[in-house]
file upload.txt (compact mmCIF, C-alpha atoms)
# COMPACT_ATOMS: atom_id res chain seq x y z
CA MET A 1 187.62 -100.24 -3.83
CA TYR A 2 190.71 -102.06 -4.97
CA ILE A 3 191.94 -102.13 -1.37
CA CYS A 4 188.63 -103.54 -0.31
CA THR A 5 188.94 -106.44 -2.71
CA LYS A 6 192.49 -106.98 -1.51
CA ILE A 7 191.24 -107.30 2.07
CA HIS A 8 188.60 -109.75 0.95
CA GLN A 9 191.24 -111.92 -0.60
CA ASP A 10 193.29 -111.83 2.57
CA ILE A 11 190.28 -112.80 4.62
CA LEU A 12 189.53 -115.60 2.21
CA ILE A 13 193.06 -116.93 2.47
CA LYS A 14 192.92 -116.81 6.25
CA ASN A 15 189.54 -118.50 6.26
CA ILE A 16 190.98 -121.72 4.95
CA ALA A 17 193.04 -122.16 8.10
CA LEU A 18 190.21 -121.23 10.51
CA LYS A 19 187.74 -123.41 12.40
CA PRO A 20 184.28 -123.86 10.88
CA HIS A 21 182.37 -121.43 13.11
CA LYS A 22 184.98 -118.77 12.64
CA THR A 23 184.82 -119.38 8.94
CA SER A 24 181.11 -118.70 8.99
CA ILE A 25 181.60 -115.40 10.83
CA PHE A 26 184.22 -114.34 8.35
CA SER A 27 182.14 -115.31 5.40
CA ALA A 28 179.29 -113.29 6.84
CA LEU A 29 181.65 -110.33 7.13
CA PHE A 30 182.85 -111.00 3.63
CA LEU A 31 179.28 -110.95 2.41
CA VAL A 32 178.68 -107.60 4.06
CA PHE A 33 181.84 -106.11 2.54
CA SER A 34 181.09 -107.52 -0.86
CA PHE A 35 177.77 -105.70 -0.79
CA PHE A 36 179.67 -102.49 -0.21
CA SER A 37 181.90 -103.04 -3.17
CA PHE A 38 178.98 -104.03 -5.31
CA GLY A 39 177.32 -100.78 -4.36
CA ASN A 40 180.45 -98.87 -5.31
CA GLU A 41 180.61 -100.47 -8.72
CA GLU A 42 177.02 -99.50 -9.40
CA GLU A 43 177.72 -95.96 -8.31
CA ILE A 44 180.57 -95.52 -10.75
CA THR A 45 178.42 -96.39 -13.74
CA LYS A 46 175.70 -93.99 -12.67
CA GLU A 47 177.89 -91.17 -11.46
CA ASP A 48 177.02 -88.78 -14.26
CA ALA A 49 173.28 -88.93 -13.50
CA THR A 50 172.41 -86.26 -10.97
CA PHE A 51 170.09 -87.24 -8.14
CA ASP A 52 167.42 -84.88 -6.88
CA PRO A 53 166.05 -86.14 -3.55
CA LYS A 54 163.22 -83.60 -3.47
CA ALA A 55 161.87 -84.65 -6.86
CA MET A 56 162.18 -88.32 -5.94
CA ILE A 57 160.38 -87.88 -2.61
CA LEU A 58 157.58 -85.81 -4.11
CA HIS A 59 157.17 -88.35 -6.89
CA HIS A 60 156.74 -91.11 -4.30
CA VAL A 61 154.41 -89.18 -2.05
CA LYS A 62 152.13 -87.95 -4.82
CA ASP A 63 149.45 -89.90 -6.60
CA ALA A 64 150.35 -91.56 -9.90
CA HIS A 65 148.75 -93.20 -12.91
CA GLU A 66 150.86 -96.34 -12.63
CA PHE A 67 152.48 -98.59 -10.07
CA HIS A 68 156.17 -98.13 -10.62
CA LEU A 69 157.62 -101.39 -9.31
CA TRP A 70 161.33 -101.26 -10.14
CA ASP A 71 163.80 -100.34 -12.86
CA TRP A 72 165.17 -103.04 -15.11
CA ASN A 73 168.11 -102.26 -17.40
CA GLY A 74 167.36 -98.58 -17.10
CA SER A 75 163.71 -98.84 -18.08
CA PRO A 76 160.93 -98.89 -15.51
CA VAL A 77 158.80 -101.96 -14.86
CA SER A 78 155.33 -100.83 -13.93
CA LEU A 79 151.67 -101.74 -13.70
CA SER A 80 149.69 -99.33 -15.83
CA LEU A 81 146.31 -98.12 -14.64
CA PRO A 82 143.49 -96.81 -16.83
CA ILE A 83 143.03 -93.10 -17.48
CA ILE A 84 139.42 -91.95 -17.67
CA LEU A 85 138.74 -88.39 -18.77
CA TRP A 86 135.66 -86.26 -19.27
CA THR A 87 136.41 -83.86 -22.11
CA ASP A 88 134.34 -81.53 -24.28
CA ASN A 89 133.96 -84.51 -26.61
CA GLY A 90 132.56 -86.83 -23.93
CA PHE A 91 134.20 -89.63 -22.03
CA THR A 92 137.44 -91.13 -23.18
CA SER A 93 139.65 -93.74 -21.60
CA PHE A 94 142.98 -95.31 -22.43
CA SER A 95 145.81 -97.06 -20.64
CA SER A 96 148.49 -94.96 -18.99
CA SER A 97 151.07 -97.25 -20.65
CA ARG A 98 150.48 -95.28 -23.85
CA PHE A 99 152.49 -92.44 -22.32
CA ARG A 100 155.42 -94.88 -22.10
CA HIS A 101 156.49 -93.58 -18.65
CA ASP A 102 156.82 -90.05 -19.98
CA ASP A 103 156.08 -87.51 -17.30
CA GLU A 104 157.44 -84.41 -18.98
CA GLY A 105 154.73 -83.82 -21.59
CA GLN A 106 156.80 -85.15 -24.51
CA ILE A 107 154.58 -87.96 -25.76
CA ILE A 108 151.18 -87.00 -27.16
CA VAL A 109 148.41 -89.58 -26.93
CA LYS A 110 145.47 -89.27 -29.31
CA SER A 111 142.18 -90.53 -27.97
CA ASN A 112 138.60 -89.78 -28.99
CA GLY A 113 139.74 -86.98 -31.31
CA ARG A 114 141.66 -85.11 -28.60
CA ASN A 115 145.36 -84.96 -27.80
CA PHE A 116 146.62 -85.53 -24.28
CA ILE A 117 149.95 -85.26 -22.53
CA LYS A 118 151.06 -86.25 -19.05
CA LEU A 119 152.99 -83.65 -17.10
CA HIS A 120 154.01 -84.34 -13.49
CA GLU A 121 151.32 -87.00 -13.13
CA LYS A 122 148.63 -84.61 -14.35
CA ILE A 123 146.83 -85.16 -17.64
CA TYR A 124 146.51 -82.09 -19.88
CA GLN A 125 144.45 -81.77 -23.02
CA LEU A 126 146.20 -79.91 -25.81
CA ASP A 127 144.21 -77.14 -27.42
CA GLU A 128 142.93 -77.48 -31.01
CA GLY A 129 145.65 -77.56 -33.65
CA VAL A 130 148.53 -77.62 -31.18
CA SER A 131 151.27 -80.15 -31.82
CA SER A 132 153.64 -79.48 -28.93
CA ILE A 133 153.27 -77.94 -25.53
CA ASN A 134 154.52 -74.52 -24.48
CA TYR A 135 155.27 -73.38 -20.95
CA ASP A 136 155.21 -70.08 -19.19
CA LEU A 137 157.98 -69.02 -16.82
CA ASP A 138 156.63 -71.11 -13.95
CA HIS A 139 156.64 -74.23 -16.12
CA HIS A 140 152.86 -74.26 -16.42
CA PRO A 141 151.52 -75.23 -19.83
CA THR A 142 150.03 -72.28 -21.74
CA ASN A 143 148.34 -74.04 -24.65
CA ALA A 144 146.73 -76.91 -22.78
CA HIS A 145 144.10 -77.32 -20.08
CA LYS A 146 143.14 -80.00 -17.62
CA PRO A 147 140.10 -82.12 -18.46
CA ILE A 148 138.05 -83.62 -15.64
CA ASP A 149 140.19 -86.53 -14.54
CA LEU A 150 138.27 -89.54 -13.22
CA SER A 151 141.18 -91.93 -13.64
CA ILE A 152 141.75 -94.97 -11.52
CA THR A 153 145.03 -93.80 -10.07
CA ARG A 154 147.11 -95.87 -7.72
CA ASN A 155 145.46 -94.25 -4.69
CA VAL A 156 142.01 -95.11 -6.02
CA PHE A 157 143.17 -98.61 -6.79
CA MET A 158 144.63 -99.09 -3.31
CA MET A 159 141.46 -97.70 -1.77
CA TRP A 160 139.43 -100.33 -3.60
CA VAL A 161 141.84 -103.02 -2.50
CA SER A 162 141.52 -101.91 1.11
CA VAL A 163 137.72 -101.75 0.81
CA ALA A 164 137.67 -105.28 -0.59
CA LEU A 165 139.96 -106.48 2.20
CA LEU A 166 137.86 -104.81 4.89
CA LEU A 167 134.67 -106.27 3.41
CA PHE A 168 136.24 -109.72 3.40
CA ILE A 169 137.46 -109.37 7.01
CA PHE A 170 134.20 -108.09 8.40
CA LEU A 171 131.88 -110.33 6.40
CA THR A 172 133.91 -113.34 7.53
CA THR A 173 133.76 -112.11 11.10
CA ALA A 174 130.03 -111.51 10.93
CA ARG A 175 129.46 -114.98 9.48
CA THR A 176 131.39 -116.53 12.35
CA TYR A 177 129.08 -114.87 14.85
CA LYS A 178 126.00 -115.92 12.91
CA LYS A 179 127.10 -119.56 12.89
CA SER A 180 128.16 -119.92 16.51
CA LYS A 181 126.21 -117.57 18.68
CA ASP A 182 127.35 -118.56 22.14
CA SER A 183 130.82 -120.01 21.66
CA VAL A 184 134.15 -118.27 21.81
CA PRO A 185 134.95 -116.75 18.37
CA LYS A 186 137.64 -118.54 16.42
CA GLY A 187 140.02 -117.49 13.66
CA LEU A 188 139.60 -114.03 12.18
CA ALA A 189 136.70 -113.20 14.48
CA GLY A 190 138.86 -113.99 17.49
CA PHE A 191 141.38 -111.46 16.19
CA MET A 192 138.84 -108.77 15.34
CA GLU A 193 136.72 -108.98 18.48
CA PRO A 194 139.24 -107.31 20.85
CA LEU A 195 139.79 -104.50 18.33
CA ILE A 196 136.08 -103.85 17.96
CA ILE A 197 135.60 -103.99 21.72
CA PHE A 198 138.50 -101.58 22.06
CA VAL A 199 136.78 -99.07 19.78
CA ARG A 200 133.53 -99.52 21.69
CA ASP A 201 134.90 -99.40 25.24
CA GLU A 202 137.84 -97.01 24.88
CA ILE A 203 136.52 -94.65 22.20
CA GLY A 204 132.75 -94.85 21.86
CA LYS A 205 131.53 -95.20 25.43
CA PRO A 206 133.79 -92.74 27.28
CA MET A 207 133.65 -90.03 24.59
CA ILE A 208 129.99 -90.10 23.55
CA GLY A 209 128.33 -91.57 26.62
CA GLU A 210 126.72 -94.87 27.62
CA HIS A 211 123.30 -94.10 26.16
CA LYS A 212 124.06 -92.54 22.81
CA TYR A 213 127.22 -94.23 21.63
CA GLN A 214 125.52 -97.05 19.72
CA LYS A 215 124.25 -94.80 16.94
CA TYR A 216 127.80 -93.70 16.13
CA MET A 217 129.57 -97.05 16.41
CA PRO A 218 129.26 -98.04 12.72
CA TYR A 219 130.92 -94.80 11.64
CA LEU A 220 133.63 -94.96 14.30
CA LEU A 221 134.49 -98.57 13.46
CA THR A 222 134.53 -97.80 9.76
CA ILE A 223 136.89 -94.85 9.94
CA PHE A 224 139.13 -96.58 12.50
CA PHE A 225 139.72 -99.66 10.37
CA PHE A 226 139.69 -97.81 7.06
CA ILE A 227 142.36 -95.32 8.14
CA TRP A 228 144.40 -98.00 9.86
CA ILE A 229 144.46 -100.37 6.91
CA ASN A 230 145.29 -97.58 4.48
CA ASN A 231 148.08 -96.34 6.72
CA ILE A 232 149.50 -99.86 6.73
CA PHE A 233 149.19 -100.15 2.94
CA GLY A 234 151.17 -96.93 2.65
CA LEU A 235 154.13 -98.58 4.36
CA ILE A 236 154.39 -101.58 2.04
CA PRO A 237 157.35 -100.78 -0.24
CA ILE A 238 156.36 -102.92 -3.25
CA LEU A 239 153.11 -100.98 -3.56
CA ASN A 240 155.36 -97.97 -3.95
CA GLY A 241 153.86 -96.48 -0.84
CA ALA A 242 150.46 -95.77 -2.37
CA ASN A 243 150.15 -92.85 -0.04
CA LEU A 244 146.37 -92.79 0.33
CA SER A 245 146.03 -91.53 3.89
CA GLY A 246 148.79 -89.03 3.12
CA ASN A 247 146.58 -87.55 0.42
CA ILE A 248 144.84 -84.38 1.49
CA ALA A 249 141.72 -85.09 -0.60
CA PHE A 250 141.24 -88.40 1.18
CA THR A 251 141.64 -86.95 4.68
CA PHE A 252 139.47 -84.00 3.65
CA THR A 253 136.63 -86.36 2.71
CA LEU A 254 136.86 -88.20 6.02
CA ALA A 255 136.94 -84.92 7.92
CA VAL A 256 133.86 -83.71 6.00
CA PHE A 257 132.00 -86.84 7.07
CA THR A 258 132.87 -86.13 10.70
CA PHE A 259 131.86 -82.49 10.29
CA VAL A 260 128.50 -83.35 8.71
CA ILE A 261 127.67 -85.94 11.35
CA THR A 262 128.67 -83.55 14.15
CA THR A 263 126.59 -80.73 12.69
CA PHE A 264 123.50 -82.84 12.10
CA SER A 265 123.60 -84.52 15.50
CA GLY A 266 124.11 -81.21 17.31
CA ASN A 267 121.33 -80.65 19.84
CA LYS A 268 119.93 -77.41 21.22
CA ASN A 269 122.62 -77.30 23.86
CA TYR A 270 125.42 -77.57 21.30
CA TRP A 271 124.13 -74.70 19.19
CA LYS A 272 123.54 -72.61 22.28
CA HIS A 273 127.20 -73.08 23.22
CA ILE A 274 128.21 -71.86 19.79
CA PHE A 275 125.93 -68.86 19.30
CA TRP A 276 125.06 -67.74 22.83
CA MET A 277 127.48 -69.20 25.37
CA PRO A 278 125.66 -69.67 28.66
CA GLY A 279 127.11 -68.51 31.95
CA VAL A 280 129.17 -65.56 30.70
CA PRO A 281 128.32 -61.84 30.50
CA VAL A 282 126.69 -60.50 27.31
CA PRO A 283 129.77 -58.73 25.80
CA MET A 284 131.65 -61.99 26.26
CA LYS A 285 128.81 -63.89 24.54
CA ILE A 286 129.15 -61.64 21.50
CA PHE A 287 132.91 -61.94 21.59
CA LEU A 288 132.83 -65.73 21.84
CA MET A 289 130.34 -66.29 19.02
CA PRO A 290 132.74 -65.79 16.06
CA ILE A 291 135.44 -67.77 17.87
CA GLU A 292 133.09 -70.68 18.37
CA ILE A 293 131.92 -70.54 14.76
CA ILE A 294 135.53 -70.60 13.55
CA GLY A 295 136.21 -73.42 16.00
CA MET A 296 133.41 -75.44 14.45
CA PHE A 297 135.32 -75.47 11.15
CA VAL A 298 138.82 -75.65 12.59
CA LYS A 299 138.05 -78.97 14.26
CA PRO A 300 137.57 -80.97 11.04
CA ILE A 301 140.36 -79.00 9.34
CA SER A 302 142.78 -80.01 12.10
CA LEU A 303 141.60 -83.61 11.74
CA MET A 304 142.34 -83.41 8.04
CA ILE A 305 145.78 -81.84 8.38
CA ARG A 306 146.86 -84.04 11.28
CA LEU A 307 146.34 -87.30 9.43
CA PHE A 308 147.71 -85.92 6.15
CA ALA A 309 150.82 -84.38 7.67
CA ASN A 310 151.64 -87.28 9.96
CA ILE A 311 151.50 -89.90 7.26
CA THR A 312 153.21 -87.75 4.63
CA ALA A 313 155.95 -86.76 7.08
CA GLY A 314 156.57 -90.42 7.86
CA HIS A 315 156.98 -91.26 4.18
CA VAL A 316 159.20 -88.24 3.57
CA ILE A 317 161.50 -89.11 6.47
CA ILE A 318 161.95 -92.72 5.34
CA LEU A 319 162.63 -91.67 1.76
CA ALA A 320 164.97 -88.85 2.82
CA LEU A 321 167.03 -91.27 4.90
CA MET A 322 167.21 -93.63 1.95
CA SER A 323 168.28 -90.88 -0.42
CA LEU A 324 171.24 -90.06 1.84
CA ILE A 325 173.06 -92.97 0.16
CA PHE A 326 172.60 -91.37 -3.24
CA VAL A 327 173.27 -87.82 -2.08
CA PHE A 328 176.65 -88.73 -0.57
CA LYS A 329 177.34 -91.15 -3.43
CA THR A 330 178.88 -93.70 -1.13
CA ALA A 331 177.66 -97.04 0.11
CA ALA A 332 179.50 -96.51 3.40
CA ILE A 333 176.55 -94.49 4.66
CA ALA A 334 174.15 -97.31 3.82
CA PRO A 335 174.27 -99.06 7.24
CA VAL A 336 173.40 -95.79 9.01
CA SER A 337 170.73 -94.92 6.48
CA VAL A 338 169.15 -98.38 6.47
CA ALA A 339 169.26 -98.65 10.26
CA PHE A 340 167.62 -95.26 10.71
CA SER A 341 164.94 -95.87 8.11
CA LEU A 342 164.21 -99.25 9.68
CA PHE A 343 163.87 -97.50 13.03
CA ILE A 344 161.53 -94.89 11.55
CA THR A 345 159.54 -97.59 9.78
CA VAL A 346 158.99 -99.38 13.08
CA ILE A 347 157.84 -96.08 14.62
CA GLU A 348 155.58 -95.55 11.61
CA ILE A 349 153.93 -98.91 12.23
CA ILE A 350 152.96 -97.63 15.68
CA VAL A 351 151.92 -94.30 14.14
CA THR A 352 149.55 -96.09 11.73
CA ALA A 353 147.54 -97.32 14.69
CA ILE A 354 147.90 -94.14 16.75
CA GLN A 355 146.70 -91.87 13.96
CA ALA A 356 143.70 -94.08 13.26
CA TYR A 357 142.97 -94.02 16.99
CA ILE A 358 143.38 -90.25 17.25
CA PHE A 359 141.14 -89.56 14.26
CA THR A 360 138.46 -91.86 15.64
CA ILE A 361 138.66 -90.65 19.23
CA LEU A 362 138.53 -86.99 18.19
CA SER A 363 135.54 -87.67 15.94
CA ALA A 364 133.88 -89.41 18.88
CA LEU A 365 134.78 -86.45 21.10
CA TYR A 366 133.11 -84.04 18.69
CA PHE A 367 130.02 -86.23 18.50
CA GLY A 368 130.00 -86.34 22.27
CA MET A 369 130.20 -82.55 22.43
CA ALA A 370 127.37 -82.24 19.92
CA THR A 371 125.04 -84.54 21.83
CA GLU A 372 125.92 -83.50 25.37
CA GLU A 373 122.94 -82.66 27.57
CA GLU A 374 122.70 -79.54 29.69
CA HIS A 375 124.33 -79.90 33.09
CA MET B 1 168.56 -66.23 2.57
CA THR B 2 165.99 -67.80 0.29
CA ILE B 3 162.32 -68.26 1.13
CA THR B 4 162.96 -72.02 1.36
CA GLY B 5 165.53 -71.45 4.06
CA ILE B 6 163.19 -69.25 6.06
CA ALA B 7 160.42 -71.83 5.64
CA ALA B 8 162.74 -74.52 6.96
CA ILE B 9 163.55 -72.38 10.01
CA GLY B 10 159.83 -71.88 10.57
CA ALA B 11 159.22 -75.62 10.44
CA GLY B 12 162.05 -76.09 12.93
CA LEU B 13 160.55 -73.54 15.33
CA ALA B 14 157.17 -75.30 15.08
CA ALA B 15 158.91 -78.56 15.94
CA ILE B 16 160.54 -76.94 19.00
CA GLY B 17 157.16 -75.74 20.23
CA ALA B 18 155.59 -79.15 19.73
CA GLY B 19 158.56 -80.81 21.41
CA VAL B 20 158.20 -78.67 24.52
CA GLY B 21 154.44 -79.22 24.62
CA ILE B 22 154.49 -82.97 24.09
CA GLY B 23 157.41 -83.29 26.50
CA LYS B 24 155.42 -81.59 29.24
CA ILE B 25 152.37 -83.76 28.52
CA GLY B 26 154.44 -86.93 28.49
CA GLY B 27 156.31 -86.02 31.67
CA SER B 28 153.17 -85.17 33.59
CA ALA B 29 151.39 -88.28 32.31
CA MET B 30 154.31 -90.43 33.46
CA GLU B 31 154.26 -88.83 36.90
CA ALA B 32 150.53 -89.27 37.17
CA MET B 33 150.76 -92.89 36.12
CA ALA B 34 153.50 -93.54 38.67
CA ARG B 35 151.39 -91.95 41.38
CA GLN B 36 148.18 -93.70 40.40
CA PRO B 37 148.96 -96.90 38.47
CA GLU B 38 145.28 -97.92 38.57
CA MET B 39 144.43 -94.89 36.38
CA HIS B 40 147.02 -95.94 33.79
CA GLY B 41 144.60 -96.50 30.90
CA LYS B 42 142.64 -93.30 31.30
CA ILE B 43 145.72 -91.12 31.72
CA GLN B 44 147.36 -92.67 28.69
CA SER B 45 144.40 -92.05 26.41
CA SER B 46 143.95 -88.45 27.54
CA ALA B 47 147.68 -87.85 27.16
CA LEU B 48 147.51 -89.15 23.61
CA ILE B 49 144.58 -86.88 22.77
CA LEU B 50 146.35 -83.86 24.23
CA ALA B 51 149.53 -84.74 22.37
CA ALA B 52 147.48 -84.85 19.19
CA PHE B 53 146.16 -81.36 19.86
CA VAL B 54 149.65 -79.96 20.45
CA GLU B 55 151.01 -81.78 17.46
CA ALA B 56 148.26 -80.39 15.22
CA VAL B 57 149.49 -76.83 15.82
CA ALA B 58 153.03 -77.84 14.94
CA LEU B 59 151.79 -79.61 11.84
CA PHE B 60 149.95 -76.47 10.76
CA GLY B 61 153.32 -74.75 10.92
CA VAL B 62 155.01 -77.51 8.96
CA VAL B 63 152.32 -77.49 6.29
CA VAL B 64 152.57 -73.72 5.87
CA ALA B 65 156.36 -74.04 5.65
CA PHE B 66 155.93 -76.81 3.10
CA LEU B 67 153.63 -74.67 0.97
CA GLN B 68 156.11 -71.80 1.09
CA GLY B 69 159.27 -73.81 0.60
call {"tool": "encode", "arguments": {"input": "upload.txt", "output": "C-alpha cells"}}
result
Amino acid sequence: MYICTKIHQDILIKNIALKPHKTSIFSALFLVFSFFSFGNEEEITKEDATFDPKAMILHHVKDAHEFHLWDWNGSPVSLSLPIILWTDNGFTSFSSSRFRHDDEGQIIVKSNGRNFIKLHEKIYQLDEGVSSINYDLDHHPTNAHKPIDLSITRNVFMMWVSVALLLFIFLTTARTYKKSKDSVPKGLAGFMEPLIIFVRDEIGKPMIGEHKYQKYMPYLLTIFFFIWINNIFGLIPILNGANLSGNIAFTFTLAVFTFVITTFSGNKNYWKHIFWMPGVPVPMKIFLMPIEIIGMFVKPISLMIRLFANITAGHVIILALMSLIFVFKTAAIAPVSVAFSLFITVIEIIVTAIQAYIFTILSALYFGMATEEEH
Amino acid sequence: MTITGIAAIGAGLAAIGAGVGIGKIGGSAMEAMARQPEMHGKIQSSALILAAFVEAVALFGVVVAFLQG
C-alpha cells in the first residue's frame, strides 16, 4: 500500500507538466487507484472479523423483520417493521426495533405478558418462567416455541408496495382509455398497451385458443405483471433485495392459483385424458393413469420451483461474486467481482421478464390443455 | 468427502444436463430460424418454453442439492 501511495505521488508530480487532457486521464487513473488504497485501509481495520459468505447470502435471500439499509459506525441503520403475533394470550404486536438488531436470541422482549426472542429472523415465544434460551445440538431452541407469526415482514411490505404500484399503473391506464376512446393512448397507457397486447396475442390466444382465451386474460395479465414487478423489486439494492419472488411460499401460492383454475376449468376431455387415456390399449390406460395424476400435481410444483430457484439463484450469484472481495481480503479483485456482478445483474434484468413470461405462458398452456376440445 | 461436497457435485451434474439440453434447443432453434426467418417469433417462443422445461429438471436437482448441502 505504501508503494501504491508512492506511485500516486509520482503520477501527481508528472501531472503538473502534462497537457490538460492527459491530466484528466491521469487524474481518473489516480481516482481509481485511490479507491484501491482506500479499500485496503478499510480491510486492515476489519481484518480480525471473519467473513462467512454463506451466512451473509442466506441472510440476504431470506425474509426479514426489518429493512437493513447500511451500517454506520459499526451499527446497522434499518427500517423496522411491525411484528404481529397470535399467541395463547391473544394478539400482540410490537416494533422489531425492540430487538435492537439482535438475531441470536439474546434480547428478550416482553409484550402482552409473554416473552419473545428473535432467532435467525424467526420469532420464538419463551415458555413460562424461562429467562434465557437453551439449544439442543442442532441449535434449535428447546424451551421456546413459535407463535403464529402474522408480521409485516419486508416481503409482505414489498408485496404491498408492488400491489399499490400496479393498482396505480393500471387504474391510470384504464382512466386514459375511458377519457379518450378512439385516440392513440398517451403516457403510461401508451407504454402499457403493447405489453398487454403482447400477453393477449403471444400468450393468451395461441395457448388457450381464439374462443376461450378471454375468460383467462385477467388472471394471465395479473400474474405476468405481478411476477415481473416483484422480480424487478428484488434487484433493487437499496431495498436489500426484498426477495419476494424468490420466496417459496409466494411462488407456491401463485402455483396453487394456477392449479385450482386448471382443475376447475378442466372439461370432460381433460379428465378423460387423465383417468382413461383414449387411443391406447387397456393395460396402457391403467399404466398411464397414475402417471397422469402425478403429472397433474407436478405441473404446478415445477412452476413453483422454477420461479423460486431462478430468482434465488440470481440473487445468490450476485452476492457470491460480491463476497469474493471479502473472501480474498483484497480490493484488487474488486474490478473482476464488480464487472461480473454487473454482467449477471444485466442478465437478471432479462431473466425478470423471461420468468414472468414463462410462468404466464405455462399457466396459459395448462389452461389450454384443460379446455381443449376433442379432436 | 462431506455431504455438502457431494451435494455440490450433484448440482454440477444437473447443470451439465441442463446445459446440454438447452444447448441443443438453442442450436436447433437458431437453425430453424435461419432456415425460416418468417417463423422467427413462433420458434423463439416455443424454444423458450422448452428451455424452461429442461431447466426445471436441472433446478429440481439444484434444489435437492441445496436442501442436502
call {"tool": "interface_residues", "arguments": {"input": "upload.txt", "of": "chain A", "to": "chain B", "cutoff": "9 Å", "atoms": "only C-alpha atoms", "output": "list in words"}}
result
Glu202, Ser302, Leu303, Ile305, Arg306, Ala309, Asn310, Ile354, Gln355, Ile358, Ile361 and Leu362 of chain A
call {"tool": "write_last_selection", "arguments": {"input": "upload.txt", "atoms": "C-alpha atoms", "output": "compact mmCIF listing (two decimals), in the frame of the given file"}}
result
# COMPACT_ATOMS: atom_id res chain seq x y z
CA GLU A 202 137.84 -97.01 24.88
CA SER A 302 142.78 -80.01 12.10
CA LEU A 303 141.60 -83.61 11.74
CA ILE A 305 145.78 -81.84 8.38
CA ARG A 306 146.86 -84.04 11.28
CA ALA A 309 150.82 -84.38 7.67
CA ASN A 310 151.64 -87.28 9.96
CA ILE A 354 147.90 -94.14 16.75
CA GLN A 355 146.70 -91.87 13.96
CA ILE A 358 143.38 -90.25 17.25
CA ILE A 361 138.66 -90.65 19.23
CA LEU A 362 138.53 -86.99 18.19
call {"tool": "residues_around", "arguments": {"input": "upload.txt", "residues": "Ser162 of chain A", "least_positions_apart": "2", "cutoff": "12 Å", "atoms": "only C-alpha atoms", "output": "JSON, numbers by chain"}}
result
{"A": [155, 156, 157, 158, 159, 160, 164, 165, 166, 167, 168, 169, 222, 225, 226, 227, 228, 229, 230, 231, 232, 233, 234, 242, 244, 245]}
call {"tool": "atom_distance", "arguments": {"input": "upload.txt", "atom1": "atom CA of Leu235 of chain A", "atom2": "atom CA of Ile248 of chain A"}}
result
17.2 Å
call {"tool": "atom_distance", "arguments": {"input": "upload.txt", "atom1": "atom CA of Ala144 of chain A", "atom2": "atom CA of Leu81 of chain A"}}
result
22.7 Å
call {"tool": "atom_distance", "arguments": {"input": "upload.txt", "atom1": "atom CA of Glu372 of chain A", "atom2": "atom CA of Tyr213 of chain A"}}
result
11.4 Å
call {"tool": "closest_residue", "arguments": {"input": "upload.txt", "among": "B:Gly61, B:Phe66, B:Ala47, B:Ser28", "to": "Ala15 of chain B", "atoms": "only C-alpha atoms"}}
result
B:Gly61
call {"tool": "closest_residue", "arguments": {"input": "upload.txt", "among": "A:Lys54, A:His315, A:Arg114, A:Lys329", "to": "Ser341 of chain A", "atoms": "all atoms listed in the file"}}
result
A:His315
call {"tool": "closest_residue", "arguments": {"input": "upload.txt", "among": "B:Ala14, B:Ala34, B:Met39, B:Ile3", "to": "Val54 of chain B", "atoms": "only C-alpha atoms"}}
result
B:Ala14
call {"tool": "residues_around", "arguments": {"input": "upload.txt", "residues": "Met30 of chain B", "least_positions_apart": "6", "cutoff": "10 Å", "atoms": "only C-alpha atoms", "output": "PyMOL selection string"}}
result
chain B and resi 24+36-37+40+43-44+47
call {"tool": "residues_around", "arguments": {"input": "upload.txt", "residues": "segment 253-263 of chain A", "least_positions_apart": "4", "cutoff": "12 Å", "atoms": "only C-alpha atoms", "output": "VMD selection string"}}
result
chain A and resid 208 215 to 216 219 to 220 222 to 224 226 to 227 244 to 245 247 to 249 267 to 268 270 to 271 274 293 295 to 308 356 359 to 372
call {"tool": "residues_around", "arguments": {"input": "upload.txt", "residues": "Lys285 of chain A", "least_positions_apart": "4", "cutoff": "10 Å", "atoms": "all atoms listed in the file", "output": "PyMOL selection string"}}
result
chain A and resi 273-281+289-290
call {"tool": "build_atoms", "arguments": {"input": "upload.txt", "residues": "segment 128-138 of chain A", "atoms": "N, CA and C atoms", "output": "compact mmCIF listing (two decimals), keeping the file's coordinate frame"}}
result
# COMPACT_ATOMS: atom_id res chain seq x y z
N GLU A 128 143.11 -77.12 -29.59
CA GLU A 128 142.93 -77.48 -31.01
C GLU A 128 144.13 -77.03 -31.84
N GLY A 129 144.60 -77.92 -32.71
CA GLY A 129 145.65 -77.56 -33.65
C GLY A 129 147.02 -77.32 -33.04
N VAL A 130 147.24 -77.80 -31.83
CA VAL A 130 148.53 -77.62 -31.18
C VAL A 130 149.28 -78.94 -31.25
N SER A 131 150.54 -78.89 -31.67
CA SER A 131 151.27 -80.15 -31.82
C SER A 131 152.33 -80.35 -30.74
N SER A 132 152.73 -79.28 -30.05
CA SER A 132 153.64 -79.48 -28.93
C SER A 132 153.32 -78.45 -27.85
N ILE A 133 153.73 -78.75 -26.65
CA ILE A 133 153.27 -77.94 -25.53
C ILE A 133 154.25 -76.80 -25.25
N ASN A 134 153.70 -75.66 -24.86
CA ASN A 134 154.52 -74.52 -24.48
C ASN A 134 154.32 -74.22 -23.00
N TYR A 135 155.35 -73.69 -22.37
CA TYR A 135 155.27 -73.38 -20.95
C TYR A 135 155.46 -71.90 -20.72
N ASP A 136 154.88 -71.43 -19.62
CA ASP A 136 155.21 -70.08 -19.19
C ASP A 136 156.42 -70.16 -18.26
N LEU A 137 156.76 -69.05 -17.61
CA LEU A 137 157.98 -69.02 -16.82
C LEU A 137 157.95 -69.96 -15.63
N ASP A 138 156.74 -70.22 -15.10
CA ASP A 138 156.63 -71.11 -13.95
C ASP A 138 156.46 -72.56 -14.35
